[in-house]
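Trainee: Take a look at the following structure, please.
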Amino acid sequence: MSLDLTIVWALLLAFFVAMYVVMDGFDLGIGILFPRLPVGKERDMAMNSIAPVWDGNETWLILGGNALIAAFPVAYAIILPALYAPVIAMLLGLIFRGVAFEFRWRDPGHRRWWDAGFFLGSLTATFAQGITLGALLQGITVEGRAYGGGWWDWLSPFSLLVGASLAVGYSLLGACWLIWKTEGDLNARARRYARILLPALLVAIGLVSLATPFLEAKYHERWFVWPGLLLAVPMPLIVALVAYGGWRSLAGKRDFAPFFWVLGLFGLSLVGLAVSIWPDVIPGRLSIWDAASPRSSQLFMLVGSAVLVPLILAYTAWSYWVFRGKVGEESYH
């Protein structure tokens, strides 16, 4: 029996998305929190905590986009026209925050404007990512093998809810990263923000979870019909236990712990997302097999990925190891 490369590529795409959330979520969150940090020492420390790694984190976004277009070209051809506006907004936000990040060090005379740009770029990119996910979950109109909807179909109360929820989640990740990487006043401030954002994230997860099963009949079946009930029943308890662990860690001395507890909440959310849409790449419209590229193309790309992905993982691990520990006001810029 031959290996189903379509499933392999679906799992790889899910892995790239998960790695992007882990790697880029916290630095986007720090950008969203930026206006709440005092000008001067604390903002500089926050920037220094992500300066060595922030640009490399977006590698996973590029890998995810390339995997979608190469492994599932039909899905790419349908999804992109449906979501042009939020995708373009996300890319512009990422570009603008990157420019602002570098220029705030090189142009201190206009630093307040670059700080504002860093915040707006981070918020725009995050909100657009959430809207993109929400619009995909609520369904895309497909006619034949092309997008059949309108320009504004992506905009809905649900997509806005997911966008706001992701902003809360990334902000919490950013606060937990600052707890891990900083000391003194900034560490204490980040703990205070995390204590506010953790309950807010639980409310957001609850609202999105309650709304999702009613978007598509398949979602309802997968969560409330056997065997989906096996996961639906314990999931709220698992989320509550992980959230409790995160809450307790905020009062503990292990500064790294809150970050990983919150990653656990994101992991559970991604599991819920996977259960809802599998095996579709466009929920309720197109399965991964209907959207897949030829097996020969998948095999060719898999050989390259088998070399490239371990190298990226090794370099990422090495860079985080080199820049481990607490940061100060000094920067390598």
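The way I read the labels, and the way they are meant: chains A, B, ... in the order of the structure tokens, residue 1 as the first residue of every chain, and ligand 1 as the first ligand shown, with later ones counted on from there.
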At a cut-off of 10 Å, using only C-alpha atoms, what residues contact stretch 137-152 of chain A? Leave out same-chain residues fewer than 6 positions from it and give the result as a PDB file with N, CA and C atoms, in the first residue's frame.

Mentor:
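out_6.pdb written:
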ATOM      1  N   VAL A  74      -5.489  23.963  -6.311  1.00  0.00           N
ATOM      2  CA  VAL A  74      -6.897  24.307  -6.526  1.00  0.00           C
ATOM      3  C   VAL A  74      -7.416  25.119  -5.344  1.00  0.00           C
ATOM      4  N   ALA A  75      -7.056  24.700  -4.135  1.00  0.00           N
ATOM      5  CA  ALA A  75      -7.475  25.439  -2.946  1.00  0.00           C
ATOM      6  C   ALA A  75      -6.890  26.838  -2.941  1.00  0.00           C
ATOM      7  N   TYR A  76      -5.625  26.946  -3.316  1.00  0.00           N
ATOM      8  CA  TYR A  76      -4.976  28.261  -3.375  1.00  0.00           C
ATOM      9  C   TYR A  76      -5.700  29.168  -4.362  1.00  0.00           C
ATOM     10  N   ALA A  77      -6.079  28.620  -5.522  1.00  0.00           N
ATOM     11  CA  ALA A  77      -6.741  29.416  -6.562  1.00  0.00           C
ATOM     12  C   ALA A  77      -8.125  29.880  -6.133  1.00  0.00           C
ATOM     13  N   ILE A  78      -8.736  29.178  -5.176  1.00  0.00           N
ATOM     14  CA  ILE A  78     -10.057  29.567  -4.690  1.00  0.00           C
ATOM     15  C   ILE A  78      -9.941  30.484  -3.471  1.00  0.00           C
ATOM     16  N   ILE A  79      -9.049  30.136  -2.551  1.00  0.00           N
ATOM     17  CA  ILE A  79      -8.939  30.874  -1.290  1.00  0.00           C
ATOM     18  C   ILE A  79      -8.414  32.291  -1.498  1.00  0.00           C
ATOM     19  N   LEU A  80      -7.390  32.431  -2.325  1.00  0.00           N
ATOM     20  CA  LEU A  80      -6.773  33.750  -2.464  1.00  0.00           C
ATOM     21  C   LEU A  80      -7.737  34.802  -3.008  1.00  0.00           C
ATOM     22  N   PRO A  81      -8.479  34.560  -4.094  1.00  0.00           N
ATOM     23  CA  PRO A  81      -9.442  35.575  -4.546  1.00  0.00           C
ATOM     24  C   PRO A  81     -10.514  35.881  -3.505  1.00  0.00           C
ATOM     25  N   ALA A  82     -10.878  34.883  -2.699  1.00  0.00           N
ATOM     26  CA  ALA A  82     -11.900  35.110  -1.676  1.00  0.00           C
ATOM     27  C   ALA A  82     -11.392  35.980  -0.544  1.00  0.00           C
ATOM     28  N   LEU A  83     -10.069  35.950  -0.319  1.00  0.00           N
ATOM     29  CA  LEU A  83      -9.504  36.616   0.861  1.00  0.00           C
ATOM     30  C   LEU A  83      -8.421  37.626   0.500  1.00  0.00           C
ATOM     31  N   TYR A  84      -8.506  38.184  -0.702  1.00  0.00           N
ATOM     32  CA  TYR A  84      -7.499  39.153  -1.133  1.00  0.00           C
ATOM     33  C   TYR A  84      -7.323  40.275  -0.118  1.00  0.00           C
ATOM     34  N   ALA A  85      -8.430  40.871   0.321  1.00  0.00           N
ATOM     35  CA  ALA A  85      -8.347  42.059   1.174  1.00  0.00           C
ATOM     36  C   ALA A  85      -7.629  41.770   2.499  1.00  0.00           C
ATOM     37  N   ILE A 131      -9.177  37.383  10.798  1.00  0.00           N
ATOM     38  CA  ILE A 131     -10.290  37.518   9.851  1.00  0.00           C
ATOM     39  C   ILE A 131     -10.167  36.475   8.737  1.00  0.00           C
ATOM     40  N   PHE A 158     -18.640  36.898  12.620  1.00  0.00           N
ATOM     41  CA  PHE A 158     -17.800  35.792  13.072  1.00  0.00           C
ATOM     42  C   PHE A 158     -16.333  36.041  12.734  1.00  0.00           C
ATOM     43  N   SER A 159     -16.029  36.494  11.517  1.00  0.00           N
ATOM     44  CA  SER A 159     -14.635  36.738  11.153  1.00  0.00           C
ATOM     45  C   SER A 159     -14.037  37.855  12.010  1.00  0.00           C
ATOM     46  N   VAL A 162     -13.190  36.304  15.396  1.00  0.00           N
ATOM     47  CA  VAL A 162     -11.948  35.530  15.364  1.00  0.00           C
ATOM     48  C   VAL A 162     -10.742  36.460  15.298  1.00  0.00           C
ATOM     49  N   ALA A 211     -19.864  29.437  18.572  1.00  0.00           N
ATOM     50  CA  ALA A 211     -20.383  29.876  17.275  1.00  0.00           C
ATOM     51  C   ALA A 211     -20.028  28.925  16.140  1.00  0.00           C
ATOM     52  N   THR A 212     -18.864  28.283  16.206  1.00  0.00           N
ATOM     53  CA  THR A 212     -18.362  27.487  15.086  1.00  0.00           C
ATOM     54  C   THR A 212     -19.281  26.348  14.663  1.00  0.00           C
ATOM     55  N   PRO A 213     -19.845  25.545  15.578  1.00  0.00           N
ATOM     56  CA  PRO A 213     -20.672  24.406  15.127  1.00  0.00           C
ATOM     57  C   PRO A 213     -21.896  24.802  14.318  1.00  0.00           C
ATOM     58  N   PHE A 214     -22.294  26.053  14.390  1.00  0.00           N
ATOM     59  CA  PHE A 214     -23.497  26.482  13.679  1.00  0.00           C
ATOM     60  C   PHE A 214     -23.188  27.113  12.321  1.00  0.00           C
ATOM     61  N   LEU A 215     -21.901  27.150  11.966  1.00  0.00           N
ATOM     62  CA  LEU A 215     -21.521  27.709  10.667  1.00  0.00           C
ATOM     63  C   LEU A 215     -21.738  26.708   9.544  1.00  0.00           C
ATOM     64  N   GLU A 216     -21.444  25.438   9.817  1.00  0.00           N
ATOM     65  CA  GLU A 216     -21.554  24.378   8.819  1.00  0.00           C
ATOM     66  C   GLU A 216     -22.182  23.152   9.467  1.00  0.00           C
ATOM     67  N   TYR A 219     -19.577  20.759  10.851  1.00  0.00           N
ATOM     68  CA  TYR A 219     -18.987  21.084  12.149  1.00  0.00           C
ATOM     69  C   TYR A 219     -19.839  20.510  13.272  1.00  0.00           C
ATOM     70  N   LEU A 273      -9.697  23.118  15.736  1.00  0.00           N
ATOM     71  CA  LEU A 273      -9.822  23.543  14.346  1.00  0.00           C
ATOM     72  C   LEU A 273      -9.649  22.361  13.401  1.00  0.00           C
ATOM     73  N   SER A 276     -12.639  20.116  13.353  1.00  0.00           N
ATOM     74  CA  SER A 276     -13.785  20.723  12.676  1.00  0.00           C
ATOM     75  C   SER A 276     -13.704  20.588  11.159  1.00  0.00           C
ATOM     76  N   ILE A 277     -12.513  20.785  10.585  1.00  0.00           N
ATOM     77  CA  ILE A 277     -12.448  20.890   9.130  1.00  0.00           C
ATOM     78  C   ILE A 277     -11.932  19.635   8.434  1.00  0.00           C
ATOM     79  N   ILE A 282     -10.941  23.483   2.143  1.00  0.00           N
ATOM     80  CA  ILE A 282     -11.946  24.537   2.191  1.00  0.00           C
ATOM     81  C   ILE A 282     -13.166  23.909   2.844  1.00  0.00           C
ATOM     82  N   PRO A 283     -13.449  24.251   4.098  1.00  0.00           N
ATOM     83  CA  PRO A 283     -14.482  23.537   4.867  1.00  0.00           C
ATOM     84  C   PRO A 283     -15.818  23.450   4.145  1.00  0.00           C
ATOM     85  N   GLY A 284     -16.318  22.224   4.033  1.00  0.00           N
ATOM     86  CA  GLY A 284     -17.616  21.985   3.441  1.00  0.00           C
ATOM     87  C   GLY A 284     -17.672  22.114   1.932  1.00  0.00           C
ATOM     88  N   ARG A 285     -16.535  22.423   1.310  1.00  0.00           N
ATOM     89  CA  ARG A 285     -16.536  22.663  -0.133  1.00  0.00           C
ATOM     90  C   ARG A 285     -15.538  21.788  -0.887  1.00  0.00           C
ATOM     91  N   LEU A 286     -14.332  21.634  -0.346  1.00  0.00           N
ATOM     92  CA  LEU A 286     -13.248  21.005  -1.110  1.00  0.00           C
ATOM     93  C   LEU A 286     -12.371  20.197  -0.162  1.00  0.00           C
ATOM     94  N   ASP A 290      -9.358  16.495  -3.400  1.00  0.00           N
ATOM     95  CA  ASP A 290      -9.881  17.231  -4.558  1.00  0.00           C
ATOM     96  C   ASP A 290      -8.968  18.392  -4.945  1.00  0.00           C
ATOM     97  N   ALA A 291      -8.253  18.935  -3.959  1.00  0.00           N
ATOM     98  CA  ALA A 291      -7.429  20.124  -4.208  1.00  0.00           C
ATOM     99  C   ALA A 291      -5.968  19.807  -4.456  1.00  0.00           C
TER     100      ALA A 291
END

Trainee: Within 10 Å of stretch 86-108 of chain A, which residues of stretch 134-250 of chain A show up? Give each one with its shortest atom-to-atom distance in Å (one decimal) and the two atoms involved, counting only C-alpha atoms, rows by chain then rising residue number, as CSV.

Mentor:
residue,atom,partner,partner_atom,distance
A:Ala135,CA,A:Pro86,CA,9.6
A:Trp154,CA,A:Pro86,CA,8.2
A:Leu155,CA,A:Pro86,CA,9.2

Trainee: Those same residues, written as a compact mmCIF listing (two decimals), in the first residue's frame with all heavy atoms?

Mentor:
# COMPACT_ATOMS: atom_id res chain seq x y z
N ALA A 135 -13.04 33.82 8.10
CA ALA A 135 -13.71 33.76 6.80
C ALA A 135 -13.61 32.37 6.19
O ALA A 135 -14.56 31.88 5.56
CB ALA A 135 -13.11 34.79 5.86
N TRP A 154 -15.84 37.95 3.00
CA TRP A 154 -14.98 37.63 4.12
C TRP A 154 -15.34 38.40 5.39
O TRP A 154 -14.98 38.01 6.50
CB TRP A 154 -13.51 37.93 3.79
CG TRP A 154 -13.28 39.34 3.31
CD1 TRP A 154 -13.33 39.78 2.02
CD2 TRP A 154 -13.02 40.49 4.12
NE1 TRP A 154 -13.09 41.13 1.97
CE2 TRP A 154 -12.90 41.60 3.24
CE3 TRP A 154 -12.86 40.70 5.48
CZ2 TRP A 154 -12.63 42.89 3.69
CZ3 TRP A 154 -12.59 41.99 5.95
CH2 TRP A 154 -12.48 43.06 5.06
N LEU A 155 -16.08 39.50 5.22
CA LEU A 155 -16.40 40.36 6.36
C LEU A 155 -17.71 39.93 6.99
O LEU A 155 -18.77 39.98 6.35
CB LEU A 155 -16.48 41.82 5.89
CG LEU A 155 -16.71 42.87 6.98
CD1 LEU A 155 -15.57 42.86 7.99
CD2 LEU A 155 -16.87 44.26 6.36

Trainee: Record the distance separating atom CA of A:Asp27 and atom CA of A:Ala125, expressed in Å with one decimal.

Mentor: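 So the two atoms, atom CA of A:Asp27 and atom CA of A:Ala125, lie 11.5 Å apart.
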
Trainee: Name all residues at most 12 Å from stretch 301-303 of chain A (count only C-alpha atoms; drop same-chain ones fewer than 3 positions away) and give them as a list in words.

Mentor: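 Here the answer would be Leu5, Thr6, Val8, Trp9, Ala10, Leu12, Leu13, Leu63, Asn66, Ala67, Leu68, Ile69, Ala70, Ala71, Ser293, Pro294, Arg295, Ser296, Ser297, Gln298, Ala306, Val307, Leu308, Val309 and Pro310 of chain A.
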
Trainee: Take the residues from that selection and put them in a file with N, CA, C and O atoms, as a compact mmCIF listing (two decimals), in the first residue's frame.

Mentor:
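So the final result, stored in result_24.txt, reads:
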# COMPACT_ATOMS: atom_id res chain seq x y z
N LEU A 5 0.50 10.73 -0.07
CA LEU A 5 1.26 11.96 0.07
C LEU A 5 0.36 13.17 0.31
O LEU A 5 0.81 14.18 0.85
N THR A 6 -0.90 13.07 -0.09
CA THR A 6 -1.81 14.19 0.16
C THR A 6 -2.01 14.39 1.65
O THR A 6 -2.01 15.53 2.14
N VAL A 8 0.15 13.46 3.93
CA VAL A 8 1.45 13.94 4.42
C VAL A 8 1.55 15.44 4.27
O VAL A 8 1.97 16.16 5.20
N TRP A 9 1.15 15.95 3.10
CA TRP A 9 1.25 17.39 2.87
C TRP A 9 0.23 18.18 3.68
O TRP A 9 0.49 19.30 4.10
N ALA A 10 -0.93 17.59 3.93
CA ALA A 10 -1.90 18.25 4.81
C ALA A 10 -1.34 18.38 6.22
O ALA A 10 -1.49 19.44 6.87
N LEU A 12 1.89 18.42 6.98
CA LEU A 12 2.98 19.39 6.91
C LEU A 12 2.44 20.83 6.91
O LEU A 12 2.99 21.70 7.59
N LEU A 13 1.37 21.07 6.17
CA LEU A 13 0.77 22.40 6.14
C LEU A 13 0.28 22.79 7.53
O LEU A 13 0.48 23.92 7.98
N LEU A 63 6.70 29.29 4.32
CA LEU A 63 6.60 27.85 4.05
C LEU A 63 5.15 27.42 3.92
O LEU A 63 4.80 26.62 3.04
N ASN A 66 3.76 28.62 0.55
CA ASN A 66 4.31 27.83 -0.56
C ASN A 66 3.74 26.41 -0.57
O ASN A 66 3.49 25.83 -1.64
N ALA A 67 3.53 25.84 0.63
CA ALA A 67 2.96 24.49 0.69
C ALA A 67 1.54 24.49 0.15
O ALA A 67 1.13 23.55 -0.54
N LEU A 68 0.78 25.54 0.44
CA LEU A 68 -0.59 25.61 -0.05
C LEU A 68 -0.63 25.69 -1.58
O LEU A 68 -1.38 24.96 -2.23
N ILE A 69 0.18 26.57 -2.15
CA ILE A 69 0.13 26.75 -3.60
C ILE A 69 0.72 25.55 -4.34
O ILE A 69 0.26 25.19 -5.44
N ALA A 70 1.70 24.87 -3.75
CA ALA A 70 2.35 23.77 -4.44
C ALA A 70 1.63 22.44 -4.24
O ALA A 70 1.49 21.65 -5.18
N ALA A 71 1.17 22.18 -3.02
CA ALA A 71 0.54 20.89 -2.72
C ALA A 71 -0.97 20.90 -2.97
O ALA A 71 -1.55 19.86 -3.28
N SER A 293 -2.24 18.52 -5.74
CA SER A 293 -1.45 18.48 -6.97
C SER A 293 -1.12 17.02 -7.30
O SER A 293 -1.33 16.13 -6.48
N PRO A 294 -0.58 16.73 -8.49
CA PRO A 294 -0.23 15.35 -8.86
C PRO A 294 0.77 14.73 -7.88
O PRO A 294 1.59 15.44 -7.28
N ARG A 295 0.73 13.43 -7.74
CA ARG A 295 1.60 12.72 -6.81
C ARG A 295 3.08 12.98 -7.12
O ARG A 295 3.89 13.13 -6.20
N SER A 296 3.43 13.06 -8.41
CA SER A 296 4.82 13.30 -8.77
C SER A 296 5.30 14.65 -8.24
O SER A 296 6.43 14.78 -7.76
N SER A 297 4.45 15.66 -8.30
CA SER A 297 4.80 16.98 -7.77
C SER A 297 4.95 16.93 -6.25
O SER A 297 5.88 17.52 -5.68
N GLN A 298 4.02 16.22 -5.60
CA GLN A 298 4.09 16.12 -4.15
C GLN A 298 5.37 15.41 -3.71
O GLN A 298 6.01 15.81 -2.73
N ALA A 306 12.23 17.50 3.04
CA ALA A 306 12.93 16.62 3.96
C ALA A 306 14.33 17.14 4.29
O ALA A 306 14.89 16.83 5.34
N VAL A 307 14.88 17.94 3.39
CA VAL A 307 16.19 18.56 3.62
C VAL A 307 16.03 19.93 4.28
O VAL A 307 16.70 20.26 5.26
N LEU A 308 15.11 20.72 3.75
CA LEU A 308 15.00 22.11 4.16
C LEU A 308 14.41 22.28 5.57
O LEU A 308 14.94 23.04 6.39
N VAL A 309 13.33 21.57 5.86
CA VAL A 309 12.65 21.77 7.15
C VAL A 309 13.54 21.42 8.34
O VAL A 309 13.61 22.19 9.30
N PRO A 310 14.26 20.27 8.34
CA PRO A 310 15.17 20.01 9.47
C PRO A 310 16.25 21.08 9.61
O PRO A 310 16.63 21.42 10.74

Trainee: For A:Thr126, find every residue with an atom within 9 Å (counting only C-alpha atoms), except residues of its own chain fewer than 6 positions away, and show them as number ranges by chain.

Mentor: A: 25, 28-29, 32, 90, 93, 163-164, 166-167, 170

Trainee: What does the distance between atom CA of A:Leu268 and atom CA of A:Met235 come to in Å, to one decimal place?

Mentor: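 So the two atoms, atom CA of A:Leu268 and atom CA of A:Met235, lie 8.3 Å apart.
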
Trainee: How far is it from atom CA of A:Gly109 to atom CA of A:Pro38, in Å with one decimal?

Mentor: 17.2 Å

Trainee: Which one is closest to A:Val21: A:Leu241, A:Val39, A:Leu210, A:Leu263? Count only C-alpha atoms.

Mentor: A:Leu263

Trainee: For A:Trp177, please output as an MDAnalysis selection string all residues within 10 Å (counting only C-alpha atoms; exclusion window: fewer than 4 positions along the same chain).

Mentor: chainID A and resid 26:27 29:30 46 49:50 171:173 181:182 187 190 255:260

Trainee: Can those selected residues be exported to a file as a PDB file, in the first residue's frame so that it contains N, CA and C atoms?

Mentor:
ATOM      1  N   PHE A  26       4.132  35.596  19.509  1.00  0.00           N
ATOM      2  CA  PHE A  26       4.526  36.392  20.662  1.00  0.00           C
ATOM      3  C   PHE A  26       5.109  37.745  20.264  1.00  0.00           C
ATOM      4  N   ASP A  27       5.835  37.813  19.128  1.00  0.00           N
ATOM      5  CA  ASP A  27       6.386  39.129  18.785  1.00  0.00           C
ATOM      6  C   ASP A  27       5.322  40.051  18.191  1.00  0.00           C
ATOM      7  N   GLY A  29       2.341  39.921  19.385  1.00  0.00           N
ATOM      8  CA  GLY A  29       1.689  40.309  20.627  1.00  0.00           C
ATOM      9  C   GLY A  29       2.412  41.431  21.338  1.00  0.00           C
ATOM     10  N   ILE A  30       3.741  41.400  21.331  1.00  0.00           N
ATOM     11  CA  ILE A  30       4.503  42.490  21.934  1.00  0.00           C
ATOM     12  C   ILE A  30       4.231  43.801  21.198  1.00  0.00           C
ATOM     13  N   ALA A  46      11.701  45.384  25.636  1.00  0.00           N
ATOM     14  CA  ALA A  46      10.747  44.548  24.903  1.00  0.00           C
ATOM     15  C   ALA A  46      11.234  44.291  23.487  1.00  0.00           C
ATOM     16  N   SER A  49      14.145  41.851  23.359  1.00  0.00           N
ATOM     17  CA  SER A  49      13.810  40.454  23.628  1.00  0.00           C
ATOM     18  C   SER A  49      13.459  39.692  22.350  1.00  0.00           C
ATOM     19  N   ILE A  50      13.016  40.412  21.312  1.00  0.00           N
ATOM     20  CA  ILE A  50      12.652  39.733  20.062  1.00  0.00           C
ATOM     21  C   ILE A  50      13.575  40.082  18.902  1.00  0.00           C
ATOM     22  N   SER A 171      -1.531  38.839  22.174  1.00  0.00           N
ATOM     23  CA  SER A 171      -1.122  39.769  23.236  1.00  0.00           C
ATOM     24  C   SER A 171      -0.727  39.006  24.491  1.00  0.00           C
ATOM     25  N   LEU A 172      -1.486  37.954  24.820  1.00  0.00           N
ATOM     26  CA  LEU A 172      -1.151  37.134  25.980  1.00  0.00           C
ATOM     27  C   LEU A 172       0.175  36.417  25.769  1.00  0.00           C
ATOM     28  N   LEU A 173       0.387  35.878  24.575  1.00  0.00           N
ATOM     29  CA  LEU A 173       1.685  35.257  24.282  1.00  0.00           C
ATOM     30  C   LEU A 173       2.822  36.265  24.437  1.00  0.00           C
ATOM     31  N   LYS A 181      11.542  36.667  29.444  1.00  0.00           N
ATOM     32  CA  LYS A 181      12.792  37.240  28.953  1.00  0.00           C
ATOM     33  C   LYS A 181      13.240  38.510  29.670  1.00  0.00           C
ATOM     34  N   THR A 182      12.435  39.070  30.560  1.00  0.00           N
ATOM     35  CA  THR A 182      12.801  40.345  31.180  1.00  0.00           C
ATOM     36  C   THR A 182      12.733  40.251  32.702  1.00  0.00           C
ATOM     37  N   ASN A 187       8.918  42.979  33.814  1.00  0.00           N
ATOM     38  CA  ASN A 187       8.448  41.643  34.168  1.00  0.00           C
ATOM     39  C   ASN A 187       7.155  41.723  34.983  1.00  0.00           C
ATOM     40  N   ALA A 190       4.256  42.898  32.766  1.00  0.00           N
ATOM     41  CA  ALA A 190       3.796  41.822  31.883  1.00  0.00           C
ATOM     42  C   ALA A 190       2.930  40.823  32.644  1.00  0.00           C
ATOM     43  N   ASP A 255       9.806  31.639  35.269  1.00  0.00           N
ATOM     44  CA  ASP A 255       9.325  32.655  34.333  1.00  0.00           C
ATOM     45  C   ASP A 255       8.976  32.094  32.957  1.00  0.00           C
ATOM     46  N   PHE A 256       9.533  30.947  32.612  1.00  0.00           N
ATOM     47  CA  PHE A 256       9.232  30.367  31.298  1.00  0.00           C
ATOM     48  C   PHE A 256       7.872  29.668  31.263  1.00  0.00           C
ATOM     49  N   ALA A 257       7.354  29.285  32.428  1.00  0.00           N
ATOM     50  CA  ALA A 257       6.170  28.426  32.487  1.00  0.00           C
ATOM     51  C   ALA A 257       4.912  29.053  31.878  1.00  0.00           C
ATOM     52  N   PRO A 258       4.578  30.328  32.164  1.00  0.00           N
ATOM     53  CA  PRO A 258       3.346  30.884  31.583  1.00  0.00           C
ATOM     54  C   PRO A 258       3.313  30.809  30.063  1.00  0.00           C
ATOM     55  N   PHE A 259       4.454  31.025  29.425  1.00  0.00           N
ATOM     56  CA  PHE A 259       4.510  31.005  27.970  1.00  0.00           C
ATOM     57  C   PHE A 259       4.090  29.643  27.437  1.00  0.00           C
ATOM     58  N   PHE A 260       4.555  28.577  28.056  1.00  0.00           N
ATOM     59  CA  PHE A 260       4.255  27.240  27.552  1.00  0.00           C
ATOM     60  C   PHE A 260       2.835  26.805  27.910  1.00  0.00           C
TER      61      PHE A 260
END

Trainee: With only C-alpha atoms as the basis for distance, which of A:Leu197, A:Pro35, A:Leu178, A:Arg222 is at the shortest distance from A:Ala274?

Mentor: A:Arg222

Trainee: Quick check for you: according to DSSP on this backbone, which residues of stretch 197-332 of chain A are classed as helix (DSSP H, G or I)? Reply as number ranges by chain.

Mentor: A: 197-214, 217-224, 229-232, 235-249, 257-277, 288-291, 295-322

Trainee: Just checking: using only C-alpha atoms, which residue out of A:Leu136, A:Lys253, A:Val262, A:Arg324 ends up closest to A:Val168?

Mentor: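 Checking each candidate against A:Val168, we get A:Val262 as the closest.
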